[in-house]
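Trainee: Got a structure for you, input.cif, holding mmCIF, C-alpha atoms; chains and numbers go by the auth columns.
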```
data_work
#
loop_
_atom_site.group_PDB
_atom_site.id
_atom_site.type_symbol
_atom_site.label_atom_id
_atom_site.label_comp_id
_atom_site.label_asym_id
_atom_site.label_seq_id
_atom_site.Cartn_x
_atom_site.Cartn_y
_atom_site.Cartn_z
_atom_site.B_iso_or_equiv
_atom_site.auth_seq_id
_atom_site.auth_asym_id
ATOM 1 C CA MET A 1 37.446 -23.208 -42.900 0.00 1 A
ATOM 2 C CA ARG A 2 38.553 -23.534 -39.285 0.00 2 A
ATOM 3 C CA ARG A 3 38.405 -19.775 -38.901 0.00 3 A
ATOM 4 C CA THR A 4 34.805 -19.739 -40.228 0.00 4 A
ATOM 5 C CA ILE A 5 33.754 -22.455 -37.772 0.00 5 A
ATOM 6 C CA LEU A 6 35.314 -20.542 -34.843 0.00 6 A
ATOM 7 C CA LEU A 7 33.658 -17.335 -35.983 0.00 7 A
ATOM 8 C CA LEU A 8 30.251 -19.041 -36.271 0.00 8 A
ATOM 9 C CA ALA A 9 30.707 -20.665 -32.846 0.00 9 A
ATOM 10 C CA ALA A 10 31.599 -17.285 -31.298 0.00 10 A
ATOM 11 C CA ILE A 11 28.554 -15.632 -32.901 0.00 11 A
ATOM 12 C CA ALA A 12 26.279 -18.461 -31.719 0.00 12 A
ATOM 13 C CA LEU A 13 27.653 -18.127 -28.188 0.00 13 A
ATOM 14 C CA MET A 14 27.121 -14.348 -28.162 0.00 14 A
ATOM 15 C CA LEU A 15 23.563 -14.724 -29.482 0.00 15 A
ATOM 16 C CA ALA A 16 22.800 -17.347 -26.837 0.00 16 A
ATOM 17 C CA MET A 17 24.051 -15.037 -24.087 0.00 17 A
ATOM 18 C CA VAL A 18 22.140 -12.011 -25.392 0.00 18 A
ATOM 19 C CA GLY A 19 18.951 -13.974 -26.021 0.00 19 A
ATOM 20 C CA THR A 20 18.831 -15.645 -22.606 0.00 20 A
ATOM 21 C CA PRO A 21 16.149 -13.952 -20.522 0.00 21 A
ATOM 22 C CA ALA A 22 17.023 -13.118 -16.954 0.00 22 A
ATOM 23 C CA ALA A 23 15.400 -15.470 -14.487 0.00 23 A
ATOM 24 C CA ALA A 24 13.013 -14.111 -11.894 0.00 24 A
ATOM 25 C CA GLU A 25 14.182 -14.116 -8.327 0.00 25 A
ATOM 26 C CA PRO A 26 12.610 -16.975 -6.371 0.00 26 A
ATOM 27 C CA PRO A 27 9.578 -15.911 -4.320 0.00 27 A
ATOM 28 C CA VAL A 28 10.168 -15.010 -0.683 0.00 28 A
ATOM 29 C CA PRO A 29 7.611 -15.032 2.137 0.00 29 A
ATOM 30 C CA ALA A 30 5.872 -11.736 2.892 0.00 30 A
ATOM 31 C CA THR A 31 4.394 -11.393 6.390 0.00 31 A
ATOM 32 C CA GLY A 32 3.512 -8.589 8.734 0.00 32 A
ATOM 33 C CA VAL A 33 0.819 -6.276 10.037 0.00 33 A
ATOM 34 C CA TRP A 34 -1.286 -3.837 8.019 0.00 34 A
ATOM 35 C CA SER A 35 -3.089 -1.253 10.140 0.00 35 A
ATOM 36 C CA TRP A 36 -5.362 1.579 9.087 0.00 36 A
ATOM 37 C CA VAL A 37 -7.364 4.541 10.281 0.00 37 A
ATOM 38 C CA GLY A 38 -10.533 5.488 8.434 0.00 38 A
ATOM 39 C CA GLY A 39 -10.678 8.841 6.722 0.00 39 A
ATOM 40 C CA GLU A 40 -14.133 8.912 5.172 0.00 40 A
ATOM 41 C CA TRP A 41 -17.168 6.598 4.974 0.00 41 A
ATOM 42 C CA ASN A 42 -20.043 7.252 2.561 0.00 42 A
ATOM 43 C CA GLN A 43 -23.035 4.930 2.587 0.00 43 A
ATOM 44 C CA VAL A 44 -26.152 4.781 0.427 0.00 44 A
ATOM 45 C CA ASP A 45 -28.925 2.562 1.773 0.00 45 A
ATOM 46 C CA LEU A 46 -30.659 0.505 -0.887 0.00 46 A
ATOM 47 C CA PRO A 47 -34.396 -0.310 -1.061 0.00 47 A
ATOM 48 C CA SER A 48 -33.465 -4.013 -0.807 0.00 48 A
ATOM 49 C CA GLY A 49 -32.205 -3.485 2.728 0.00 49 A
ATOM 50 C CA GLY A 50 -28.549 -3.567 1.757 0.00 50 A
ATOM 51 C CA ALA A 51 -26.167 -0.671 1.199 0.00 51 A
ATOM 52 C CA ARG A 52 -23.379 0.532 -1.068 0.00 52 A
ATOM 53 C CA PHE A 53 -20.397 2.275 0.463 0.00 53 A
ATOM 54 C CA THR A 54 -17.218 4.079 -0.527 0.00 54 A
ATOM 55 C CA GLY A 55 -14.497 5.713 1.471 0.00 55 A
ATOM 56 C CA THR A 56 -10.864 6.316 2.235 0.00 56 A
ATOM 57 C CA GLU A 57 -8.414 5.232 4.897 0.00 57 A
ATOM 58 C CA PHE A 58 -4.751 5.673 5.729 0.00 58 A
ATOM 59 C CA GLY A 59 -2.545 2.655 6.268 0.00 59 A
ATOM 60 C CA HIS A 60 0.666 1.762 8.070 0.00 60 A
ATOM 61 C CA TRP A 61 2.663 -1.384 7.208 0.00 61 A
ATOM 62 C CA THR A 62 5.241 -3.342 9.203 0.00 62 A
ATOM 63 C CA GLY A 63 7.036 -6.595 8.435 0.00 63 A
ATOM 64 C CA THR A 64 8.062 -7.336 4.847 0.00 64 A
ATOM 65 C CA PHE A 65 6.233 -4.178 3.696 0.00 65 A
ATOM 66 C CA VAL A 66 7.425 -1.124 5.651 0.00 66 A
ATOM 67 C CA GLY A 67 5.706 2.164 4.921 0.00 67 A
ATOM 68 C CA THR A 68 2.432 4.014 4.628 0.00 68 A
ATOM 69 C CA SER A 69 -0.499 3.928 2.240 0.00 69 A
ATOM 70 C CA ALA A 70 -3.457 5.941 1.013 0.00 70 A
ATOM 71 C CA GLU A 71 -6.408 3.653 0.430 0.00 71 A
ATOM 72 C CA SER A 72 -9.780 4.009 -1.260 0.00 72 A
ATOM 73 C CA TYR A 73 -12.503 1.409 -1.142 0.00 73 A
ATOM 74 C CA LYS A 74 -15.941 0.569 -2.468 0.00 74 A
ATOM 75 C CA GLY A 75 -18.257 -2.225 -1.554 0.00 75 A
ATOM 76 C CA VAL A 76 -21.671 -3.511 -0.760 0.00 76 A
ATOM 77 C CA ILE A 77 -23.464 -4.815 2.316 0.00 77 A
ATOM 78 C CA MET A 78 -26.093 -7.363 1.339 0.00 78 A
ATOM 79 C CA PRO A 79 -29.494 -7.485 3.101 0.00 79 A
ATOM 80 C CA ASN A 80 -28.271 -10.552 5.037 0.00 80 A
ATOM 81 C CA GLY A 81 -25.304 -8.509 6.359 0.00 81 A
ATOM 82 C CA THR A 82 -22.590 -10.063 4.177 0.00 82 A
ATOM 83 C CA LEU A 83 -19.985 -7.477 3.203 0.00 83 A
ATOM 84 C CA THR A 84 -17.775 -7.509 0.090 0.00 84 A
ATOM 85 C CA ALA A 85 -15.423 -4.765 -1.051 0.00 85 A
ATOM 86 C CA LEU A 86 -12.367 -3.831 -3.097 0.00 86 A
ATOM 87 C CA ILE A 87 -9.617 -1.639 -1.669 0.00 87 A
ATOM 88 C CA ARG A 88 -7.091 0.202 -3.872 0.00 88 A
ATOM 89 C CA ILE A 89 -3.851 0.739 -1.949 0.00 89 A
ATOM 90 C CA GLU A 90 -1.183 3.270 -2.955 0.00 90 A
ATOM 91 C CA PHE A 91 1.804 2.153 -0.857 0.00 91 A
ATOM 92 C CA THR A 92 5.008 4.180 -0.343 0.00 92 A
ATOM 93 C CA GLY A 93 7.924 2.556 1.435 0.00 93 A
ATOM 94 C CA SER A 94 10.160 -0.479 1.173 0.00 94 A
ATOM 95 C CA VAL A 95 9.839 -4.179 0.613 0.00 95 A
ATOM 96 C CA ASP A 96 12.738 -6.351 1.713 0.00 96 A
ATOM 97 C CA GLY A 97 15.038 -3.295 1.602 0.00 97 A
ATOM 98 C CA ALA A 98 13.983 -2.043 -1.872 0.00 98 A
ATOM 99 C CA HIS A 99 12.312 1.417 -1.902 0.00 99 A
ATOM 100 C CA GLY A 100 9.543 2.800 -4.088 0.00 100 A
ATOM 101 C CA THR A 101 5.790 2.832 -4.532 0.00 101 A
ATOM 102 C CA LEU A 102 3.286 0.066 -5.181 0.00 102 A
ATOM 103 C CA LEU A 103 -0.261 -0.093 -6.411 0.00 103 A
ATOM 104 C CA MET A 104 -2.038 -2.961 -4.691 0.00 104 A
ATOM 105 C CA GLN A 105 -5.582 -4.238 -4.588 0.00 105 A
ATOM 106 C CA THR A 106 -7.274 -6.212 -1.849 0.00 106 A
ATOM 107 C CA THR A 107 -10.565 -7.998 -1.710 0.00 107 A
ATOM 108 C CA VAL A 108 -12.643 -7.922 1.454 0.00 108 A
ATOM 109 C CA TRP A 109 -15.199 -10.438 2.648 0.00 109 A
ATOM 110 C CA ALA A 110 -17.084 -10.750 5.927 0.00 110 A
ATOM 111 C CA LYS A 111 -20.274 -12.464 7.093 0.00 111 A
ATOM 112 C CA SER A 112 -21.275 -9.211 8.804 0.00 112 A
ATOM 113 C CA LEU A 113 -19.832 -5.925 10.033 0.00 113 A
ATOM 114 C CA VAL A 114 -19.044 -7.536 13.386 0.00 114 A
ATOM 115 C CA GLU A 115 -17.473 -10.723 11.983 0.00 115 A
ATOM 116 C CA PRO A 116 -13.778 -11.006 11.148 0.00 116 A
ATOM 117 C CA MET A 117 -12.949 -9.699 7.681 0.00 117 A
ATOM 118 C CA THR A 118 -10.668 -11.684 5.380 0.00 118 A
ATOM 119 C CA GLY A 119 -9.370 -11.141 1.892 0.00 119 A
ATOM 120 C CA ARG A 120 -6.668 -11.446 -0.721 0.00 120 A
ATOM 121 C CA TRP A 121 -4.065 -8.895 -1.798 0.00 121 A
ATOM 122 C CA VAL A 122 -2.170 -8.562 -5.070 0.00 122 A
ATOM 123 C CA ILE A 123 0.504 -6.164 -6.328 0.00 123 A
ATOM 124 C CA LEU A 124 -0.653 -4.531 -9.573 0.00 124 A
ATOM 125 C CA GLY A 125 2.496 -2.481 -10.292 0.00 125 A
ATOM 126 C CA GLY A 126 5.155 -0.268 -8.827 0.00 126 A
ATOM 127 C CA SER A 127 7.875 2.326 -9.334 0.00 127 A
ATOM 128 C CA GLY A 128 11.411 2.940 -8.168 0.00 128 A
ATOM 129 C CA ASP A 129 13.146 -0.164 -6.831 0.00 129 A
ATOM 130 C CA LEU A 130 9.706 -1.806 -6.596 0.00 130 A
ATOM 131 C CA ALA A 131 8.871 -1.419 -10.307 0.00 131 A
ATOM 132 C CA ASN A 132 9.312 -5.146 -10.983 0.00 132 A
ATOM 133 C CA LEU A 133 8.001 -6.471 -7.687 0.00 133 A
ATOM 134 C CA ARG A 134 5.133 -8.929 -7.956 0.00 134 A
ATOM 135 C CA GLY A 135 3.281 -10.691 -5.196 0.00 135 A
ATOM 136 C CA GLN A 136 0.046 -11.876 -3.729 0.00 136 A
ATOM 137 C CA GLY A 137 -1.345 -13.330 -0.574 0.00 137 A
ATOM 138 C CA ALA A 138 -4.042 -13.214 2.055 0.00 138 A
ATOM 139 C CA TRP A 139 -4.940 -11.081 5.051 0.00 139 A
ATOM 140 C CA ILE A 140 -7.184 -11.501 8.060 0.00 140 A
ATOM 141 C CA PHE A 141 -8.627 -8.788 10.280 0.00 141 A
ATOM 142 C CA GLU A 142 -7.488 -8.976 13.885 0.00 142 A
ATOM 143 C CA SER A 143 -8.986 -6.101 15.878 0.00 143 A
ATOM 144 C CA CYS A 144 -9.568 -2.353 16.234 0.00 144 A
ATOM 145 C CA ASP A 145 -8.547 -0.045 19.059 0.00 145 A
ATOM 146 C CA GLU A 146 -11.301 0.724 21.561 0.00 146 A
ATOM 147 C CA ASP A 147 -10.481 4.448 21.640 0.00 147 A
ATOM 148 C CA PRO A 148 -10.223 7.048 18.853 0.00 148 A
ATOM 149 C CA PRO A 149 -8.823 7.122 16.268 0.00 149 A
ATOM 150 C CA TRP A 150 -9.928 3.458 16.169 0.00 150 A
ATOM 151 C CA ARG A 151 -6.937 2.056 14.306 0.00 151 A
ATOM 152 C CA CYS A 152 -7.679 -1.430 12.941 0.00 152 A
ATOM 153 C CA TYR A 153 -5.170 -4.247 12.442 0.00 153 A
ATOM 154 C CA ALA A 154 -4.815 -7.173 10.063 0.00 154 A
ATOM 155 C CA ASP A 155 -2.128 -9.817 9.584 0.00 155 A
ATOM 156 C CA TYR A 156 -0.951 -10.315 6.017 0.00 156 A
ATOM 157 C CA SER A 157 0.966 -13.199 4.483 0.00 157 A
ATOM 158 C CA GLY A 158 1.955 -14.282 0.995 0.00 158 A
ATOM 159 C CA GLN A 159 4.908 -14.207 -1.354 0.00 159 A
ATOM 160 C CA VAL A 160 6.758 -11.531 -3.322 0.00 160 A
ATOM 161 C CA ASN A 161 9.416 -11.715 -5.992 0.00 161 A
ATOM 162 C CA ILE A 162 11.289 -9.488 -8.439 0.00 162 A
ATOM 163 C CA VAL A 163 10.397 -10.158 -12.072 0.00 163 A
ATOM 164 C CA PRO A 164 12.893 -8.883 -14.676 0.00 164 A
#
```
Here is the file; what I need is its structure written in the form of structure tokens.
Mentor:
Amino acid sequence: MRRTILLLAAIALMLAMVGTPAAAEPPVPATGVWSWVGGEWNQVDLPSGGARFTGTEFGHWTGTFVGTSAESYKGVIMPNGTLTALIRIEFTGSVDGAHGTLLMQTTVWAKSLVEPMTGRWVILGGSGDLANLRGQGAWIFESCDEDPPWRCYADYSGQVNIVP
């Protein structure tokens, strides 16, 4: 009887250890600078006075994200000048020392083409050491260079964490 109780207790302990999911790492702050150079801009003017646009750009990341990115975007400029867009970012590099690739998406919003742009970013997925990285945050446009190739700069902030 005692042997059966010990055996059942050992089995219960093993099942508890196997069945316990690994806890996610606590989120850590993500801050830095995202800069980009435009590659292509395609615009179709609409009869309403607005426009649709698509294009590509090439990014460089410093801070928590360190690496480069290929970016494609699409958006609309409303007749009143308000701009909204989505940017798909294919990032290659490292985040907090872990290396791999990430697929990210950002939203873009501005009152006009000459007003500061702001938006949100989110990690959609990754590979390599970044396969289980999740995160989100905000960014705000800072400025563009006055001379070609007219690199633009934005500050990003948010949180990232590894999810098992």
Trainee: Just so the selection is clear, what residues does the PyMOL selection byres ((chain A and resi 61) around 12) cover here, as number ranges by chain?
Mentor: A: 30-36, 58-60, 62-70, 89-95, 152-156
Trainee: For a test of reading the model, state the distance in Å between CA of Gly38 (chain A) and CA of Leu86 (chain A), rounded to one decimal.
Mentor: 14.9 Å
Trainee: In Å to one decimal, how far is CA of Leu46 (chain A) from CA of Thr118 (chain A)?
Mentor: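 Going from CA of Thr118 (chain A) over to CA of Leu46 (chain A) covers 24.2 Å.
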Trainee: What does the structure give for the distance between CA of Ile140 (chain A) and CA of Ile123 (chain A), in Å to one decimal?
Mentor: 17.2 Å
Trainee: Name every residue that the PyMOL selection byres ((chain A and resi 117) around 12) selects in this structure, writing the answer as a list in words with chains first and numbers rising.
Mentor: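 After applying the PyMOL selection byres ((chain A and resi 117) around 12), what remains is Thr82, Leu83, Thr84, Ala85, Thr106, Thr107, Val108, Trp109, Ala110, Lys111, Ser112, Leu113, Val114, Glu115, Pro116, Thr118, Gly119, Arg120, Ala138, Trp139, Ile140, Phe141, Glu142, Ser143, Cys144, Cys152, Tyr153, Ala154 and Asp155 of chain A.
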Trainee: Go through A:Leu133, A:Ile87, A:Val76, A:Leu124 one by one, measure the shortest atom-to-atom distance of each to Gly100 (chain A) using all atoms listed in the file, and give the residue with the smallest value.
Mentor: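 Checking each of A:Leu133, A:Ile87, A:Val76, A:Leu124 against Gly100 (chain A), counting all atoms listed in the file, the winner is A:Leu133.
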Trainee: Looking at only C-alpha atoms, which of A:Gly81, A:Gly135, A:Gly75, A:Gly50 is the one that sits closest to Leu102 (chain A)?
Mentor: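 Checking each candidate against Leu102 (chain A), we get A:Gly135 as the closest.
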Trainee: Name the residues that the PyMOL selection byres ((chain A and resi 49) around 9) pulls out of this structure, and write them as a PDB file with C-alpha atoms, in the frame of the given file.
Mentor:
```pdb
ATOM      1  CA  ASP A  45     -28.925   2.562   1.773  1.00  0.00           C
ATOM      2  CA  LEU A  46     -30.659   0.505  -0.887  1.00  0.00           C
ATOM      3  CA  PRO A  47     -34.396  -0.310  -1.061  1.00  0.00           C
ATOM      4  CA  SER A  48     -33.465  -4.013  -0.807  1.00  0.00           C
ATOM      5  CA  GLY A  50     -28.549  -3.567   1.757  1.00  0.00           C
ATOM      6  CA  ALA A  51     -26.167  -0.671   1.199  1.00  0.00           C
ATOM      7  CA  ILE A  77     -23.464  -4.815   2.316  1.00  0.00           C
ATOM      8  CA  MET A  78     -26.093  -7.363   1.339  1.00  0.00           C
ATOM      9  CA  PRO A  79     -29.494  -7.485   3.101  1.00  0.00           C
ATOM     10  CA  ASN A  80     -28.271 -10.552   5.037  1.00  0.00           C
TER      11      ASN A  80
END
```
